[in-house]
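These notes are about the structure you will find just below.
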Amino acid sequence: MQTPDPATEPTVTALRLRADGMEPAARRLGLKAGDQLEAINGLPFRGDEAALRAQLGARGGKALALQFRRGAETFLVLVDAARLGRWEAVPCPLPEGATPERVDPAGLQNFEVMRSAAGLYDLYPVAAPTLAMVAPPLWLLQMRLWAPGATLVAALAAAAVVHPLLGIGVWAAAGVWVRQSAAAFLRADRMMRGLAFEGAIAAKGEAAAHAAHLRLHPQDRYLFAPPTAQATQAA
């Protein structure tokens with residue numbers, strides 16, 4: 001039996017994002033030049049840019065779970081845009097004995113991560129929950145957005161004094177406004193607290209998103225963790 005000659009074996013390639021031509025969709029996810037695409041929906045991706053666009057385009061706008069490698073770290077993001085940027089082909093040896101595990105993108109959502117140089121972090125869903133529309137003041141206060149929350153409560157109270165129907169109208173309009181602007185509210189507030197945009201993590205829920213972030217940055221501390229929890233985590 002002849003031993004295969006590596007020089008004659010077909011080169012298996014994967015894709016890596018180039019620094020030039022990064023699209024806004026990639027920047028919104030926190031993707032960076034050099035990020036290498038490893039898997040789609042949990043299955044290893046091996047192919048060229050045309051193959052990637054074909055997979056993304058075939059979903060008809062539905063998101064796919066893309067796993068990227070950045071150095072020694074891997075992370076998962078939901079992607080629904082066919083264009084993320086310019087790619088370059090890189091050698092990608094097939095792992096021996098790898099058993100792929102499928103990922104259902106329908107059960108995931110993207111969480112935006114804000115992080116400081118000191119290792120403080122916060123994360124929240126990119127798409128605001130229904131509570132933001134149904135009870136906008138409650139959601140604002142729950143997310144510690146004190147200023148907009150207090151302003152909205154005052155506006156609702158004033159409208160209700162003028163006429164109950166006006167109060168209902170302001171409440172409904174506020175729900176639409178808050179849900180559409182939720183990510184912007186949160187990003188601005190966390191920036192004032194010293195955090196900066198880090199990227200996005202796809203996870204099944206907030207607890208899973210925290211766990212995924214801490215796997216990448218085990219020394220980080222949640223911005224709103226009580227002092228005892230922070231001390232335990234540091235220990």
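Residue numbering restarts at 1 in every chain; chains get A, B, ... in the order shown in the structure tokens, and ligands count up from 1 in that same order.
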Could you give me, as a tab-separated table, every stretch 98-183 of chain A residue with an atom at most 6 Å from stretch 188-211 of chain A, plus its closest atom pair and distance in Å to one decimal, counting only C-alpha atoms, rows ordered by chain then number?
residue	atom	partner	partner_atom	distance
A:Gly107	CA	A:Lys204	CA	5.8
A:Leu108	CA	A:Lys204	CA	4.5
A:Gln109	CA	A:Ala202	CA	5.3
A:Asn110	CA	A:Ala202	CA	4.3
A:Phe111	CA	A:Ile201	CA	5.2
A:Glu112	CA	A:Ala200	CA	4.5
A:Val113	CA	A:Glu198	CA	5.4
A:Met114	CA	A:Phe197	CA	4.6
A:Arg115	CA	A:Leu195	CA	4.8
A:Ser116	CA	A:Leu195	CA	4.4
Practice problem: Report the residues of stretch 134-221 of chain A whose backbone DSSP state falls under strand (DSSP E or B), written as a list in words. | Solution: Ala196, Phe197, Glu198, Gly199, Ala200, Ile201, Ala202, Ala203 and Arg221 of chain A
Practice problem: Just give me the gap between atom CA of A:Ala81 and atom CA of A:Met133 in Å, one decimal is fine. | Solution: 26.0 Å
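The shortest atom-to-atom distance to A:Ala65, with only C-alpha atoms taken into account, belongs to A:Asp104 out of A:Asp104, A:Phe45, A:Arg83, A:Arg27.
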Quiz prompt | Members of stretch 25-197 of chain A assigned alpha helix (DSSP H) by DSSP, as an NGL selection string | solution = :A and (25-28 or 49-57 or 131-134 or 136-142 or 146-162 or 164-192)
Quiz item: Quick one: of A:Ala212, A:Leu120, A:Val178, A:Leu52, who's nearest to A:Pro148, counting only C-alpha atoms?
Solution: A:Val178
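Going from atom CA of A:Arg46 to atom CA of A:Leu216 covers 24.6 Å.
Counting only C-alpha atoms, the residue from A:Lys62, A:Arg70, A:Arg102, A:Arg179 that sits nearest to A:Val134 is A:Arg179.
Reported to one decimal place, the separation of atom CA of A:Gly149 from atom CA of A:Pro137 is 5.4 Å.
Using only C-alpha atoms, the contacts of stretch 150-160 of chain A at a cut-off of 12 Å, with sequence neighbours closer than 2 positions omitted, comprise Ala135, Pro136, Pro137, Leu138, Trp139, Leu140, Leu141, Gln142, Arg144, Leu145, Trp146, Ala147, Pro148, Val162, His163, Pro164, Leu165, Leu166, Gly167, Ile168, Gly169, Val170, Trp171, Ala172, Ala173, Ala174, Gly175, Trp177 and Val178 of chain A.
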Take the residues just selected and output them with N, CA, C and O atoms as a short mmCIF file (atom, residue, chain, number, x, y, z; two decimals), in the first residue's frame.
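Below is the file that was written, out-v2.cif:
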data_model
loop_
_atom_site.label_atom_id
_atom_site.label_comp_id
_atom_site.auth_asym_id
_atom_site.auth_seq_id
_atom_site.Cartn_x
_atom_site.Cartn_y
_atom_site.Cartn_z
N ALA A 135 -44.19 46.68 27.92
CA ALA A 135 -44.02 47.48 29.14
C ALA A 135 -42.70 48.23 29.07
O ALA A 135 -41.74 47.89 29.77
N PRO A 136 -42.62 49.25 28.20
CA PRO A 136 -41.33 49.94 27.98
C PRO A 136 -40.71 50.54 29.24
O PRO A 136 -39.49 50.41 29.42
N PRO A 137 -41.48 51.17 30.15
CA PRO A 137 -40.81 51.71 31.35
C PRO A 137 -40.19 50.61 32.20
O PRO A 137 -39.06 50.77 32.71
N LEU A 138 -40.89 49.49 32.34
CA LEU A 138 -40.38 48.38 33.15
C LEU A 138 -39.09 47.83 32.54
O LEU A 138 -38.12 47.56 33.26
N TRP A 139 -39.08 47.67 31.22
CA TRP A 139 -37.89 47.13 30.58
C TRP A 139 -36.70 48.09 30.73
O TRP A 139 -35.58 47.65 31.02
N LEU A 140 -36.93 49.39 30.56
CA LEU A 140 -35.85 50.36 30.70
C LEU A 140 -35.25 50.32 32.10
O LEU A 140 -34.03 50.33 32.27
N LEU A 141 -36.10 50.25 33.10
CA LEU A 141 -35.60 50.21 34.48
C LEU A 141 -34.94 48.86 34.78
O LEU A 141 -33.95 48.80 35.52
N GLN A 142 -35.49 47.79 34.21
CA GLN A 142 -34.90 46.46 34.41
C GLN A 142 -33.48 46.41 33.84
O GLN A 142 -32.60 45.75 34.40
N ARG A 144 -31.48 48.86 33.76
CA ARG A 144 -30.71 49.91 34.46
C ARG A 144 -30.48 51.12 33.58
O ARG A 144 -29.46 51.80 33.68
N LEU A 145 -31.43 51.40 32.71
CA LEU A 145 -31.40 52.62 31.89
C LEU A 145 -32.21 53.68 32.63
O LEU A 145 -33.35 53.99 32.29
N TRP A 146 -31.61 54.21 33.69
CA TRP A 146 -32.34 55.05 34.63
C TRP A 146 -32.87 56.33 33.99
O TRP A 146 -34.02 56.71 34.21
N ALA A 147 -32.04 57.03 33.23
CA ALA A 147 -32.46 58.33 32.69
C ALA A 147 -33.62 58.20 31.71
O ALA A 147 -34.66 58.85 31.88
N PRO A 148 -33.51 57.38 30.64
CA PRO A 148 -34.67 57.25 29.74
C PRO A 148 -35.87 56.64 30.43
O PRO A 148 -37.02 56.97 30.12
N VAL A 162 -53.54 64.52 31.45
CA VAL A 162 -54.29 65.28 30.44
C VAL A 162 -55.52 64.49 30.00
O VAL A 162 -56.64 65.03 29.95
N HIS A 163 -55.33 63.21 29.66
CA HIS A 163 -56.46 62.36 29.27
C HIS A 163 -56.00 60.90 29.28
O HIS A 163 -54.91 60.60 28.78
N PRO A 164 -56.78 59.99 29.82
CA PRO A 164 -56.38 58.58 29.85
C PRO A 164 -56.05 58.01 28.47
O PRO A 164 -55.11 57.23 28.33
N LEU A 165 -56.82 58.41 27.45
CA LEU A 165 -56.55 57.89 26.11
C LEU A 165 -55.21 58.39 25.58
O LEU A 165 -54.51 57.67 24.85
N LEU A 166 -54.85 59.63 25.96
CA LEU A 166 -53.55 60.14 25.56
C LEU A 166 -52.43 59.32 26.21
O LEU A 166 -51.42 59.02 25.59
N GLY A 167 -52.64 58.95 27.48
CA GLY A 167 -51.66 58.12 28.16
C GLY A 167 -51.48 56.77 27.47
O GLY A 167 -50.36 56.28 27.32
N ILE A 168 -52.59 56.18 27.02
CA ILE A 168 -52.52 54.90 26.31
C ILE A 168 -51.77 55.06 25.00
O ILE A 168 -50.95 54.22 24.62
N GLY A 169 -52.04 56.17 24.29
CA GLY A 169 -51.36 56.41 23.03
C GLY A 169 -49.87 56.60 23.21
O GLY A 169 -49.06 56.07 22.42
N VAL A 170 -49.48 57.35 24.25
CA VAL A 170 -48.06 57.56 24.52
C VAL A 170 -47.40 56.23 24.90
O VAL A 170 -46.26 55.94 24.49
N TRP A 171 -48.09 55.41 25.68
CA TRP A 171 -47.55 54.11 26.07
C TRP A 171 -47.28 53.25 24.82
O TRP A 171 -46.21 52.63 24.71
N ALA A 172 -48.25 53.19 23.90
CA ALA A 172 -48.09 52.38 22.69
C ALA A 172 -46.94 52.89 21.83
O ALA A 172 -46.12 52.11 21.33
N ALA A 173 -46.88 54.22 21.65
CA ALA A 173 -45.80 54.80 20.85
C ALA A 173 -44.44 54.56 21.50
O ALA A 173 -43.45 54.28 20.82
N ALA A 174 -44.42 54.66 22.83
CA ALA A 174 -43.17 54.43 23.56
C ALA A 174 -42.68 53.00 23.39
O ALA A 174 -41.48 52.74 23.28
N GLY A 175 -43.64 52.04 23.35
CA GLY A 175 -43.25 50.65 23.18
C GLY A 175 -42.54 50.41 21.85
O GLY A 175 -41.51 49.73 21.80
N TRP A 177 -41.02 52.73 20.02
CA TRP A 177 -39.76 53.50 20.05
C TRP A 177 -38.68 52.78 20.86
O TRP A 177 -37.53 52.66 20.40
N VAL A 178 -39.05 52.28 22.01
CA VAL A 178 -38.06 51.62 22.87
C VAL A 178 -37.56 50.33 22.23
O VAL A 178 -36.36 50.05 22.23
#
